[in-house]
file input-v4.cif (mmCIF, C-alpha atoms)
data_target
loop_
_atom_site.label_atom_id
_atom_site.label_comp_id
_atom_site.auth_asym_id
_atom_site.auth_seq_id
_atom_site.Cartn_x
_atom_site.Cartn_y
_atom_site.Cartn_z
CA MET J 5 58.59 55.92 305.83
CA ARG J 6 61.63 55.29 303.77
CA ARG J 7 62.10 51.85 305.28
CA ARG J 8 58.48 50.96 304.71
CA PHE J 9 58.60 51.81 301.03
CA SER J 10 61.89 50.23 300.12
CA LEU J 11 62.40 46.74 298.74
CA PRO J 12 65.47 44.63 299.26
CA ALA J 13 67.73 45.33 296.32
CA LEU J 14 67.93 41.68 295.37
CA THR J 15 64.17 41.41 295.14
CA VAL J 16 64.01 44.44 292.92
CA ALA J 17 66.63 42.98 290.61
CA ALA J 18 64.88 39.62 290.47
CA VAL J 19 61.48 41.14 289.86
CA LEU J 20 62.70 43.55 287.24
CA GLY J 21 64.53 40.73 285.51
CA SER J 22 61.45 38.56 285.40
CA LEU J 23 59.22 41.43 284.33
CA PHE J 24 61.23 41.83 281.19
CA VAL J 25 60.27 38.31 280.32
CA ALA J 26 56.73 38.30 281.64
CA ALA J 27 55.32 41.79 281.32
CA SER J 28 57.09 42.94 278.21
CA PRO J 29 58.01 40.09 275.91
CA ALA J 30 58.31 42.34 272.91
CA PHE J 31 60.64 45.29 273.37
CA ALA J 32 61.34 44.98 269.70
CA HIS J 33 62.74 46.46 267.20
CA GLY J 34 62.14 47.75 263.66
CA TYR J 35 59.91 48.15 260.60
CA ILE J 36 59.73 50.04 257.31
CA SER J 37 58.04 53.42 257.64
CA SER J 38 58.29 54.56 254.03
CA PRO J 39 57.00 53.58 251.67
CA PRO J 40 54.63 52.51 254.43
CA SER J 41 54.76 48.84 255.32
CA ARG J 42 51.58 47.01 256.25
CA GLN J 43 52.28 47.49 259.96
CA ALA J 44 52.98 51.20 259.33
CA ASN J 45 49.64 51.50 257.55
CA CYS J 46 48.02 49.86 260.56
CA ALA J 47 49.80 52.11 263.06
CA SER J 48 49.05 55.27 261.10
CA GLY J 49 45.36 54.42 260.93
CA ALA J 50 45.36 54.10 257.13
CA VAL J 51 44.09 50.55 257.60
CA ALA J 52 41.62 49.98 260.42
CA ASN J 53 41.02 47.13 262.84
CA CYS J 54 44.53 45.72 262.83
CA GLY J 55 44.67 44.78 266.51
CA ASP J 56 47.69 45.27 268.79
CA ILE J 57 50.11 45.78 265.92
CA VAL J 58 49.05 49.45 265.92
CA TYR J 59 50.94 49.92 269.19
CA GLU J 60 54.03 47.97 268.21
CA PRO J 61 54.65 47.94 264.46
CA GLN J 62 58.29 47.23 265.33
CA SER J 63 57.49 43.85 266.88
CA VAL J 64 57.04 41.57 263.87
CA GLU J 65 59.81 39.26 265.00
CA ALA J 66 60.05 35.58 264.07
CA PRO J 67 62.65 32.97 263.23
CA LYS J 68 64.64 33.70 260.09
CA GLY J 69 63.65 32.37 256.70
CA SER J 70 59.91 32.94 256.57
CA THR J 71 58.26 34.32 253.43
CA GLN J 72 55.17 35.46 255.34
CA CYS J 73 54.46 39.11 256.08
CA ASN J 74 54.07 38.27 259.78
CA GLY J 75 57.11 35.98 259.78
CA GLY J 76 54.87 32.94 260.09
CA GLY J 77 53.20 31.77 263.26
CA SER J 78 49.96 32.96 264.76
CA ARG J 79 50.82 36.50 265.85
CA PHE J 80 49.88 39.55 263.79
CA THR J 81 48.15 37.42 261.15
CA VAL J 82 46.33 40.54 259.96
CA LEU J 83 49.54 41.32 258.08
CA THR J 84 49.11 38.24 255.87
CA ASP J 85 45.47 39.04 255.08
CA ASN J 86 45.48 40.14 251.45
CA SER J 87 41.77 40.98 251.56
CA ARG J 88 42.58 44.08 253.64
CA ASN J 89 43.01 46.31 250.59
CA TRP J 90 46.45 47.43 251.71
CA PRO J 91 47.21 50.81 250.19
CA ALA J 92 49.95 50.51 247.58
CA ALA J 93 52.44 53.36 247.27
CA SER J 94 53.11 54.53 243.73
CA VAL J 95 56.82 54.23 243.04
CA GLY J 96 59.26 54.21 240.14
CA GLN J 97 61.74 51.54 239.13
CA THR J 98 63.94 52.15 242.17
CA VAL J 99 62.58 52.41 245.66
CA THR J 100 64.23 53.70 248.83
CA PHE J 101 63.02 51.86 251.90
CA ASN J 102 63.34 53.72 255.21
CA TRP J 103 63.33 51.88 258.53
CA VAL J 104 62.32 52.98 261.99
CA LEU J 105 64.43 51.19 264.60
CA THR J 106 63.68 50.93 268.29
CA ALA J 107 66.67 48.71 269.06
CA ARG J 108 69.92 48.70 267.15
CA HIS J 109 70.75 45.03 266.91
CA SER J 110 73.93 43.71 265.38
CA THR J 111 72.84 42.92 261.87
CA ALA J 112 73.65 40.07 259.54
CA THR J 113 71.73 41.09 256.42
CA TRP J 114 68.78 43.06 255.09
CA GLU J 115 66.91 41.21 252.35
CA TYR J 116 64.20 42.32 249.94
CA PHE J 117 61.96 39.89 248.01
CA ILE J 118 59.07 39.94 245.59
CA GLY J 119 57.64 36.44 245.70
CA ASN J 120 60.63 34.11 245.52
CA THR J 121 62.81 36.64 243.74
CA LEU J 122 65.54 38.16 245.88
CA LEU J 123 65.71 41.79 244.76
CA ALA J 124 68.62 42.80 246.96
CA SER J 125 70.61 41.79 250.01
CA PHE J 126 72.77 44.11 252.11
CA ASN J 127 75.38 42.51 254.33
CA ASP J 128 76.21 44.53 257.44
CA GLY J 129 78.65 41.94 258.75
CA GLY J 130 77.39 42.14 262.32
CA ALA J 131 77.51 45.93 262.58
CA GLN J 132 74.92 47.91 264.51
CA PRO J 133 72.74 50.20 262.39
CA GLY J 134 73.22 53.95 262.63
CA ALA J 135 70.62 56.54 263.57
CA THR J 136 68.59 55.65 260.49
CA LYS J 137 68.63 52.86 257.96
CA SER J 138 67.68 53.16 254.30
CA HIS J 139 68.20 50.94 251.26
CA THR J 140 67.63 51.78 247.62
CA VAL J 141 66.44 48.73 245.70
CA SER J 142 65.79 48.21 242.00
CA MET J 143 62.38 46.84 241.02
CA ARG J 144 63.69 45.77 237.61
CA GLY J 145 61.43 43.22 235.96
CA PHE J 146 58.41 44.07 238.06
CA SER J 147 55.54 46.45 237.46
CA GLY J 148 52.09 47.17 238.75
CA ARG J 149 50.91 46.07 242.12
CA GLN J 150 53.50 44.03 244.01
CA THR J 151 54.22 43.15 247.63
CA VAL J 152 57.84 43.48 248.74
CA LEU J 153 58.88 41.37 251.73
CA ALA J 154 61.78 42.82 253.71
CA ARG J 155 63.71 40.79 256.27
CA TRP J 156 66.06 42.28 258.84
CA ASN J 157 68.24 39.33 259.87
CA ILE J 158 69.74 39.82 263.31
CA ALA J 159 73.35 38.69 263.72
CA ASP J 160 73.28 37.41 267.29
CA THR J 161 69.81 35.82 267.52
CA VAL J 162 67.93 33.26 265.43
CA ASN J 163 65.30 35.84 264.60
CA ALA J 164 64.49 38.35 261.90
CA PHE J 165 62.09 41.30 261.72
CA TYR J 166 59.59 41.27 258.87
CA SER J 167 57.94 44.09 256.92
CA CYS J 168 55.76 43.80 253.85
CA VAL J 169 55.41 46.86 251.64
CA ASP J 170 52.69 47.08 248.99
CA LEU J 171 53.75 49.01 245.91
CA ASN J 172 52.43 50.10 242.57
CA ILE J 173 55.54 49.99 240.46
CA GLY J 174 55.57 52.37 237.54
CA GLY J 175 58.20 53.39 235.05
CA GLY J 176 59.11 51.47 231.93
CA SER J 177 56.47 51.21 229.22
CA THR J 178 53.61 50.14 231.46
CA PRO J 179 51.70 52.93 233.16
CA ALA J 180 51.14 52.29 236.84
CA PRO J 181 47.62 51.84 238.07
CA THR J 182 46.61 55.04 239.71
CA PRO J 183 44.52 54.49 242.82
CA THR J 184 44.01 58.24 243.08
CA VAL J 185 41.53 58.31 240.21
CA THR J 186 38.72 58.74 242.69
CA ALA J 187 38.89 61.65 245.06
CA SER J 188 37.88 59.62 248.08
CA PRO J 189 39.37 56.16 248.35
CA THR J 190 36.46 54.22 249.77
CA PRO J 191 37.60 50.92 251.20
CA THR J 192 35.10 48.33 250.20
CA ALA J 193 33.01 46.97 253.02
CA THR J 194 32.95 43.49 251.59
CA PRO J 195 36.45 42.09 251.50
CA THR J 196 35.01 38.60 251.53
CA THR J 197 34.04 38.64 247.87
CA PRO J 198 34.79 35.16 246.58
CA PRO J 199 37.64 34.88 244.11
CA PRO J 200 36.55 34.97 240.52
CA THR J 201 35.88 31.68 238.87
CA SER J 202 37.43 30.75 235.59
CA GLY J 203 34.41 32.04 233.73
CA SER J 204 33.60 35.69 233.23
CA THR J 205 32.27 37.64 236.21
CA THR J 206 31.41 41.22 236.83
CA TRP J 207 34.34 43.29 238.06
CA ALA J 208 34.10 44.16 241.79
CA ALA J 209 36.30 46.15 244.14
CA GLY J 210 37.79 44.06 246.92
CA THR J 211 38.26 41.02 244.71
CA THR J 212 41.70 39.54 244.17
CA TYR J 213 42.33 38.83 240.50
CA GLN J 214 44.93 36.61 238.93
CA PRO J 215 46.47 36.94 235.47
CA GLY J 216 44.10 35.43 232.94
CA ASP J 217 40.92 36.11 234.91
CA VAL J 218 38.22 37.58 232.67
CA VAL J 219 35.69 40.08 233.95
CA THR J 220 32.98 42.21 232.47
CA TYR J 221 32.65 45.88 233.24
CA ALA J 222 30.19 48.33 231.67
CA GLY J 223 29.33 45.81 228.99
CA ARG J 224 32.91 45.03 227.94
CA SER J 225 35.19 42.13 228.77
CA TYR J 226 38.70 42.47 230.16
CA ARG J 227 41.48 40.01 230.92
CA CYS J 228 43.60 40.49 234.08
CA ARG J 229 47.28 41.20 233.36
CA GLN J 230 48.70 40.84 236.88
CA THR J 231 47.70 39.77 240.33
CA HIS J 232 46.02 42.50 242.33
CA THR J 233 43.21 43.21 244.72
CA ALA J 234 40.82 45.61 243.04
CA LEU J 235 40.04 48.98 244.59
CA ASN J 236 37.40 51.51 243.66
CA GLY J 237 38.96 53.67 241.00
CA TRP J 238 40.78 50.70 239.48
CA GLU J 239 37.93 49.87 237.13
CA PRO J 240 39.33 47.96 234.12
CA PRO J 241 39.06 50.84 231.60
CA ASN J 242 41.00 53.07 234.05
CA VAL J 243 44.04 50.87 234.53
CA PRO J 244 45.44 49.33 231.36
CA ALA J 245 48.37 48.07 233.45
CA LEU J 246 45.99 45.67 235.14
CA TRP J 247 43.41 44.88 232.46
CA THR J 248 43.46 44.26 228.69
CA ALA J 249 40.23 44.98 226.84
CA LEU J 250 39.05 41.96 224.84
CA MET H 30 56.32 42.88 298.16
CA THR H 31 53.58 45.12 299.50
CA PHE H 32 54.65 48.68 299.74
CA LEU H 33 52.11 49.74 302.28
CA GLY H 34 52.25 46.84 304.69
CA ASN H 35 49.57 44.26 305.19
CA ARG H 36 47.08 45.12 307.86
CA GLY H 37 48.90 47.70 309.91
CA GLY H 38 45.87 49.76 310.86
CA PRO H 39 47.06 52.94 312.54
CA VAL H 40 50.63 52.67 311.40
CA ARG H 41 49.57 52.13 307.82
CA ARG H 42 47.10 54.95 307.91
CA ALA H 43 49.72 57.24 309.33
CA ALA H 44 52.10 56.26 306.58
CA LEU H 45 49.43 56.82 303.98
CA ALA H 46 48.55 60.16 305.42
CA GLY H 47 52.20 61.10 305.28
CA LEU H 48 52.38 60.01 301.69
CA LEU H 49 49.28 61.92 300.73
CA ILE H 50 50.45 65.05 302.49
CA LEU H 51 53.74 64.76 300.70
CA LEU H 52 52.04 64.36 297.36
CA ALA H 53 49.59 67.13 298.05
CA ALA H 54 52.44 69.39 299.04
CA ALA H 55 54.09 68.55 295.76
CA GLY H 56 51.04 69.85 293.98
CA CYS H 57 49.55 66.50 293.08
CA SER H 58 45.92 66.20 293.96
CA ALA H 59 44.93 63.06 292.11
CA PRO H 60 45.95 60.51 294.77
CA ALA H 61 43.68 62.03 297.38
CA GLU H 62 40.63 60.97 295.40
CA LYS H 63 41.87 57.42 295.41
CA ALA H 64 42.63 57.17 299.11
CA PRO H 65 39.57 55.04 300.01
CA GLU H 66 40.82 52.21 297.83
CA THR H 67 43.76 51.60 300.10
CA THR H 68 41.42 50.70 302.97
CA ALA H 69 40.13 47.62 301.17
CA VAL H 70 40.06 44.50 303.36
CA ASN H 71 42.17 42.47 300.96
CA SER H 72 45.49 44.19 300.98
CA VAL H 73 46.10 45.07 297.38
CA PRO H 74 49.43 46.82 297.09
CA ALA H 75 48.86 50.43 296.19
CA VAL H 76 52.12 50.57 294.31
CA ASN H 77 53.92 47.72 292.61
CA GLU H 78 57.24 47.18 290.89
CA VAL H 79 55.73 47.87 287.47
CA ASP H 80 54.71 51.35 288.62
CA ILE H 81 58.26 52.06 289.73
CA MET H 82 59.73 50.70 286.52
CA PHE H 83 57.25 52.65 284.40
CA LEU H 84 58.14 55.88 286.14
CA GLN H 85 61.89 55.36 286.06
CA MET H 86 62.07 54.07 282.51
CA GLY H 87 59.45 56.51 281.33
CA LEU H 88 61.46 59.43 282.69
CA ALA H 89 64.59 58.21 280.90
CA GLN H 90 62.66 57.83 277.66
CA ILE H 91 61.09 61.24 278.02
CA ALA H 92 64.49 62.81 278.64
CA GLU H 93 65.75 61.38 275.35
CA GLY H 94 62.57 62.42 273.59
CA GLN H 95 63.01 65.97 274.89
CA GLU H 96 66.49 66.09 273.35
CA LEU H 97 64.97 65.20 269.99
CA VAL H 98 62.03 67.59 270.07
CA THR H 99 64.21 70.46 271.26
CA LEU H 100 66.32 70.01 268.13
CA ALA H 101 63.21 69.53 266.01
CA SER H 102 61.60 72.75 267.20
CA ALA H 103 64.75 74.64 266.29
CA ARG H 104 65.71 72.97 263.03
CA ALA H 105 62.93 71.00 261.33
CA GLY H 106 61.98 72.38 257.93
CA ASP H 107 58.47 71.01 257.97
CA PRO H 108 56.21 73.12 260.20
CA GLN H 109 54.12 70.04 260.96
CA ILE H 110 57.14 68.42 262.58
CA ARG H 111 57.79 71.55 264.62
CA ALA H 112 54.16 71.59 265.75
CA ILE H 113 54.32 67.98 266.97
CA ALA H 114 57.67 68.70 268.65
CA ASP H 115 56.32 71.72 270.51
CA GLU H 116 53.29 69.75 271.60
CA LEU H 117 55.39 66.86 272.88
CA HIS H 118 57.73 69.22 274.69
CA GLY H 119 54.91 70.74 276.73
CA GLN H 120 53.14 67.46 277.43
CA TRP H 121 56.32 65.69 278.47
CA ALA H 122 57.32 68.54 280.78
CA SER H 123 54.03 68.24 282.61
CA GLU H 124 53.95 64.43 282.64
CA SER H 125 57.51 64.04 283.83
CA GLY H 126 56.90 66.52 286.65
CA THR H 127 54.09 64.31 287.94
CA MET H 128 56.13 61.15 287.46
CA GLU H 129 59.11 62.55 289.38
CA ARG H 130 56.92 63.70 292.25
CA TRP H 131 55.48 60.22 292.67
CA LEU H 132 58.93 58.64 292.83
CA LEU H 133 60.19 61.27 295.24
CA GLY H 134 57.08 60.74 297.37
CA TRP H 135 57.88 57.04 297.61
CA ALA H 136 61.56 57.75 298.29
CA LYS H 137 62.51 56.02 295.06
CA PRO H 138 65.31 57.21 292.80
CA VAL H 139 64.12 58.97 289.66
CA THR H 140 66.56 56.90 287.64
CA ALA H 141 66.68 53.12 287.58
CA ASP H 142 69.49 51.43 289.44
CA PRO H 143 71.90 50.45 286.68
CA SER H 144 73.14 47.53 288.79
CA ALA H 145 69.67 46.00 288.92
CA GLY H 146 70.50 44.13 285.75
CA ALA H 147 67.17 44.61 284.02
CA HIS H 148 68.86 46.14 281.02
CA ALA H 149 72.00 44.04 281.06
CA GLY H 150 73.28 43.68 277.54
CA HIS H 151 70.05 44.84 276.00
CA GLY H 152 68.63 48.10 277.24
CA ASP H 153 71.39 50.14 275.73
CA LEU H 154 70.17 48.96 272.33
CA HIS H 155 67.05 51.03 272.88
CA ALA H 156 68.81 54.17 274.01
CA LEU H 157 69.88 57.17 271.99
CA ARG H 158 73.62 56.86 271.36
CA ASP H 159 76.11 59.65 270.97
CA THR H 160 76.62 58.58 267.36
CA ASP H 161 72.87 59.03 266.77
CA ARG H 162 73.03 62.52 268.27
CA ARG H 163 75.97 63.40 266.02
CA GLU H 164 74.24 62.00 262.93
CA LEU H 165 71.16 64.06 263.64
CA ALA H 166 73.16 67.19 264.38
CA ALA H 167 75.06 66.80 261.10
CA ALA H 168 71.97 66.16 258.95
CA GLN H 169 70.72 69.09 256.86
CA GLY H 170 67.43 70.03 255.25
CA ALA H 171 65.13 67.17 254.26
CA ASP H 172 67.71 64.76 255.60
CA PHE H 173 67.37 66.30 259.05
CA ASP H 174 63.59 65.98 258.95
CA ARG H 175 63.79 62.35 257.85
CA THR H 176 66.37 61.44 260.50
CA LEU H 177 64.44 63.26 263.17
CA ILE H 178 61.15 61.51 262.35
CA SER H 179 62.88 58.16 262.36
CA LEU H 180 64.55 58.73 265.74
CA LEU H 181 61.46 60.28 267.28
CA LEU H 182 59.23 57.41 266.13
CA GLY H 183 61.76 54.97 267.61
CA ASN H 184 61.66 56.88 270.90
CA LEU H 185 57.86 57.01 270.94
CA HIS H 186 57.51 53.31 270.14
CA ASN H 187 59.86 52.41 273.00
CA GLY H 188 57.87 54.71 275.27
CA MET H 189 54.64 53.09 274.12
CA GLU H 190 55.88 49.69 275.26
CA THR H 191 56.57 51.11 278.73
CA LEU H 192 53.17 52.82 278.82
CA ARG H 193 51.36 49.67 277.78
CA MET H 194 53.23 47.69 280.43
CA GLU H 195 51.99 50.15 283.08
CA SER H 196 48.40 50.33 281.86
CA GLY H 197 48.29 46.54 281.77
CA SER H 198 50.24 45.56 284.89
CA GLY H 199 50.70 48.65 287.02
CA SER H 200 48.93 48.95 290.35
CA TYR H 201 48.89 52.60 291.42
CA PRO H 202 45.63 53.92 289.92
CA PRO H 203 46.83 57.46 289.15
CA ALA H 204 49.89 56.06 287.37
CA ARG H 205 47.76 53.67 285.32
CA LYS H 206 45.44 56.53 284.47
CA LEU H 207 48.36 58.70 283.41
CA ALA H 208 49.76 55.87 281.27
CA THR H 209 46.39 55.29 279.61
CA ARG H 210 46.07 58.95 278.77
CA MET H 211 49.63 59.08 277.46
CA ILE H 212 48.98 56.04 275.22
CA GLU H 213 46.14 57.89 273.51
CA THR H 214 48.06 61.13 273.12
CA ARG H 215 51.25 59.45 271.88
CA GLN H 216 49.42 57.15 269.46
CA ALA H 217 47.81 60.15 267.78
CA GLN H 218 51.24 61.80 267.48
CA ILE H 219 52.74 58.58 266.11
CA GLN H 220 49.99 58.51 263.48
CA ARG H 221 50.80 62.06 262.41
CA LEU H 222 54.52 61.30 262.22
CA LEU H 223 53.89 58.12 260.22
CA ARG H 224 51.79 60.05 257.73
CA LEU H 225 54.61 62.57 257.39
CA ALA H 226 57.11 59.73 256.94
CA ALA H 227 54.93 58.11 254.26
CA GLY H 228 54.66 61.37 252.38
CA GLY H 229 58.43 61.91 252.33
#

call {"tool": "encode", "arguments": {"input": "input-v4.cif", "output": "structure tokens"}}
result
Amino acid sequence: MRRRFSLPALTVAAVLGSLFVAASPAFAHGYISSPPSRQANCASGAVANCGDIVYEPQSVEAPKGSTQCNGGGSRFTVLTDNSRNWPAASVGQTVTFNWVLTARHSTATWEYFIGNTLLASFNDGGAQPGATKSHTVSMRGFSGRQTVLARWNIADTVNAFYSCVDLNIGGGSTPAPTPTVTASPTPTATPTTPPPTSGSTTWAAGTTYQPGDVVTYAGRSYRCRQTHTALNGWEPPNVPALWTAL
Amino acid sequence: MTFLGNRGGPVRRAALAGLLILLAAAGCSAPAEKAPETTAVNSVPAVNEVDIMFLQMGLAQIAEGQELVTLASARAGDPQIRAIADELHGQWASESGTMERWLLGWAKPVTADPSAGAHAGHGDLHALRDTDRRELAAAQGADFDRTLISLLLGNLHNGMETLRMESGSGSYPPARKLATRMIETRQAQIQRLLRLAAGG
């Protein structure tokens, strides 16, 4: 029986070697768990219908240098979909980002961006991370709803791991928009609302607004102060950080 | 590559019977229900290399997970963490018992052969290191909870990759079934841990 069930050792080695390429291409490697990144919000169920990312939030790996939330390319494109109403964590002017790591790669740098602005870079000089990894980053100059892109640049490969974290940055003189105004955050069922035109339209949850956009709400007009995707509870009179009454 | 031979009628049946008896003796009744499948005309291997790898790697990952939840049950400040830890401890004990019995039944080692090379230069990146154990042991209060959640999520995500490999490419039906069930259970626990992480 033993003979019948045993494989030549060489075959086992060859097969196992190839399986790591074929059956499990990912085996990767890290993401931001708090404040929750987009892939963390997918994995936790806070955002539905994300696809396979829910089983491997640590796998957003792509060549270095991308500014996309999925690192570019065609995998995990849900992460770049701004119509998903990603929950934004309310934070102050400094934010501590905590990572979950499933492989402790030698690390070149950890970088944090908002748009093209590099907020912070931490150089690990090729060291392996410890049991946990956290960085405290200043949000100076930014307020309201923002998306932080974090890049974990691996020292001994061409790749980086990407995490986007949606934040509502408070502090300073501008009050943060408070998405908790309504007791039950009801994700809008129509994320395909067309972007507002230059003229005045009626405010609608699920719409992405740009600074300067003018909307009407309850008979009054408001001008958008910063880019955001509107949620229920963020009606213009509720969030002066986002809307100026005209 | 086939574990149970190709068309060896009586010999194969005898071997199968031996295997089933062995498994039954070990307290595992699931395979008996699946016995008819192995008599299919096209010889589909009842067990493949993915099954073996799933069981061996899965056992190693569970062993590391058990280290973490044992500490969590004793030291975590947040009762929700302790509840998840206790739950995992019981489920893993039962699952790993089944997984070990399968390997023993097939005369396979319960740990992967380190000389096989599958992990060369890489697998150790996914393992719990002594420095991680010391960091966790030294952490106090909220810091302990945060470190524990981070390490446990890392362990569960690594385990999830092994489980998904088995449910997608494994051959032995009871092992695939076990992996599928474990994916559901673990994903729900990951969701709870992520919500705790987001709140902290």

call {"tool": "atom_distance", "arguments": {"input": "input-v4.cif", "atom1": "CA of Trp207 (chain J)", "atom2": "CA of Val219 (chain J)"}}
result
5.4 Å

call {"tool": "resolve_selection", "arguments": {"input": "input-v4.cif", "expression": "the PyMOL selection byres ((chain H and resi 117) around 10)", "output": "number ranges by chain"}}
result
H: 91, 94-95, 98-99, 111-116, 118-123, 214-215, 218

call {"tool": "residues_around", "arguments": {"input": "input-v4.cif", "residues": "Pro215 (chain J)", "least_positions_apart": "3", "cutoff": "6 Å", "atoms": "all atoms listed in the file", "output": "PDB file with C-alpha atoms, in the frame of the given file"}}
result
ATOM      1  CA  CYS J 228      43.600  40.490 234.080  1.00  0.00           C
ATOM      2  CA  ARG J 229      47.280  41.200 233.360  1.00  0.00           C
ATOM      3  CA  GLN J 230      48.700  40.840 236.880  1.00  0.00           C
ATOM      4  CA  THR J 231      47.700  39.770 240.330  1.00  0.00           C
TER       5      THR J 231
END

call {"tool": "atom_distance", "arguments": {"input": "input-v4.cif", "atom1": "CA of Gly210 (chain J)", "atom2": "CA of Ser78 (chain J)"}}
result
24.3 Å

call {"tool": "atom_distance", "arguments": {"input": "input-v4.cif", "atom1": "CA of Gly174 (chain J)", "atom2": "CA of Asp217 (chain J)"}}
result
22.0 Å

call {"tool": "resolve_selection", "arguments": {"input": "input-v4.cif", "expression": "the PyMOL selection byres ((chain H and resi 169-175) around 8)", "output": "list of chain:residue names"}}
result
H:Ala101, H:Arg104, H:Ala105, H:Gly106, H:Asp107, H:Ile110, H:Leu165, H:Ala166, H:Ala167, H:Ala168, H:Thr176, H:Leu177, H:Ile178, H:Ser179, H:Ala226, H:Gly229

call {"tool": "resolve_selection", "arguments": {"input": "input-v4.cif", "expression": "the PyMOL selection byres ((chain J and resi 211) around 6)", "output": "list in words"}}
result
Thr197, Ala208, Ala209, Gly210, Thr212, Thr233 and Ala234 of chain J

call {"tool": "residues_around", "arguments": {"input": "input-v4.cif", "residues": "Trp90 (chain J)", "least_positions_apart": "2", "cutoff": "9 Å", "atoms": "only C-alpha atoms", "output": "PyMOL selection string"}}
result
chain J and resi 42+45+50-51+86-88+92+169-170+233

call {"tool": "write_last_selection", "arguments": {"input": "input-v4.cif", "atoms": "C-alpha atoms", "output": "compact mmCIF listing (two decimals), keeping the file's coordinate frame"}}
result
# COMPACT_ATOMS: atom_id res chain seq x y z
CA ARG J 42 51.58 47.01 256.25
CA ASN J 45 49.64 51.50 257.55
CA ALA J 50 45.36 54.10 257.13
CA VAL J 51 44.09 50.55 257.60
CA ASN J 86 45.48 40.14 251.45
CA SER J 87 41.77 40.98 251.56
CA ARG J 88 42.58 44.08 253.64
CA ALA J 92 49.95 50.51 247.58
CA VAL J 169 55.41 46.86 251.64
CA ASP J 170 52.69 47.08 248.99
CA THR J 233 43.21 43.21 244.72

call {"tool": "residues_near_point", "arguments": {"input": "input-v4.cif", "point": "(54.2, 50.0, 278.8)", "cutoff": "12 Å", "atoms": "only C-alpha atoms", "output": "PyMOL selection string"}}
result
(chain J and resi 23-24+27-31+59-60) or (chain H and resi 79-87+90+185-199+204-205+207-209+211-212)

call {"tool": "write_last_selection", "arguments": {"input": "input-v4.cif", "atoms": "C-alpha atoms", "output": "PDB file, keeping the file's coordinate frame"}}
result
ATOM      1  CA  LEU J  23      59.220  41.430 284.330  1.00  0.00           C
ATOM      2  CA  PHE J  24      61.230  41.830 281.190  1.00  0.00           C
ATOM      3  CA  ALA J  27      55.320  41.790 281.320  1.00  0.00           C
ATOM      4  CA  SER J  28      57.090  42.940 278.210  1.00  0.00           C
ATOM      5  CA  PRO J  29      58.010  40.090 275.910  1.00  0.00           C
ATOM      6  CA  ALA J  30      58.310  42.340 272.910  1.00  0.00           C
ATOM      7  CA  PHE J  31      60.640  45.290 273.370  1.00  0.00           C
ATOM      8  CA  TYR J  59      50.940  49.920 269.190  1.00  0.00           C
ATOM      9  CA  GLU J  60      54.030  47.970 268.210  1.00  0.00           C
TER      10      GLU J  60
ATOM     11  CA  VAL H  79      55.730  47.870 287.470  1.00  0.00           C
ATOM     12  CA  ASP H  80      54.710  51.350 288.620  1.00  0.00           C
ATOM     13  CA  ILE H  81      58.260  52.060 289.730  1.00  0.00           C
ATOM     14  CA  MET H  82      59.730  50.700 286.520  1.00  0.00           C
ATOM     15  CA  PHE H  83      57.250  52.650 284.400  1.00  0.00           C
ATOM     16  CA  LEU H  84      58.140  55.880 286.140  1.00  0.00           C
ATOM     17  CA  GLN H  85      61.890  55.360 286.060  1.00  0.00           C
ATOM     18  CA  MET H  86      62.070  54.070 282.510  1.00  0.00           C
ATOM     19  CA  GLY H  87      59.450  56.510 281.330  1.00  0.00           C
ATOM     20  CA  GLN H  90      62.660  57.830 277.660  1.00  0.00           C
ATOM     21  CA  LEU H 185      57.860  57.010 270.940  1.00  0.00           C
ATOM     22  CA  HIS H 186      57.510  53.310 270.140  1.00  0.00           C
ATOM     23  CA  ASN H 187      59.860  52.410 273.000  1.00  0.00           C
ATOM     24  CA  GLY H 188      57.870  54.710 275.270  1.00  0.00           C
ATOM     25  CA  MET H 189      54.640  53.090 274.120  1.00  0.00           C
ATOM     26  CA  GLU H 190      55.880  49.690 275.260  1.00  0.00           C
ATOM     27  CA  THR H 191      56.570  51.110 278.730  1.00  0.00           C
ATOM     28  CA  LEU H 192      53.170  52.820 278.820  1.00  0.00           C
ATOM     29  CA  ARG H 193      51.360  49.670 277.780  1.00  0.00           C
ATOM     30  CA  MET H 194      53.230  47.690 280.430  1.00  0.00           C
ATOM     31  CA  GLU H 195      51.990  50.150 283.080  1.00  0.00           C
ATOM     32  CA  SER H 196      48.400  50.330 281.860  1.00  0.00           C
ATOM     33  CA  GLY H 197      48.290  46.540 281.770  1.00  0.00           C
ATOM     34  CA  SER H 198      50.240  45.560 284.890  1.00  0.00           C
ATOM     35  CA  GLY H 199      50.700  48.650 287.020  1.00  0.00           C
ATOM     36  CA  ALA H 204      49.890  56.060 287.370  1.00  0.00           C
ATOM     37  CA  ARG H 205      47.760  53.670 285.320  1.00  0.00           C
ATOM     38  CA  LEU H 207      48.360  58.700 283.410  1.00  0.00           C
ATOM     39  CA  ALA H 208      49.760  55.870 281.270  1.00  0.00           C
ATOM     40  CA  THR H 209      46.390  55.290 279.610  1.00  0.00           C
ATOM     41  CA  MET H 211      49.630  59.080 277.460  1.00  0.00           C
ATOM     42  CA  ILE H 212      48.980  56.040 275.220  1.00  0.00           C
TER      43      ILE H 212
END

call {"tool": "residues_around", "arguments": {"input": "input-v4.cif", "residues": "Gly76 (chain J)", "least_positions_apart": "4", "cutoff": "10 Å", "atoms": "all atoms listed in the file", "output": "PyMOL selection string"}}
result
chain J and resi 64-72+80-81+84+166

call {"tool": "closest_residue", "arguments": {"input": "input-v4.cif", "among": "J:Ala124, J:Cys54, J:Cys73, J:Ala135", "to": "chain H", "atoms": "only C-alpha atoms"}}
result
J:Ala135
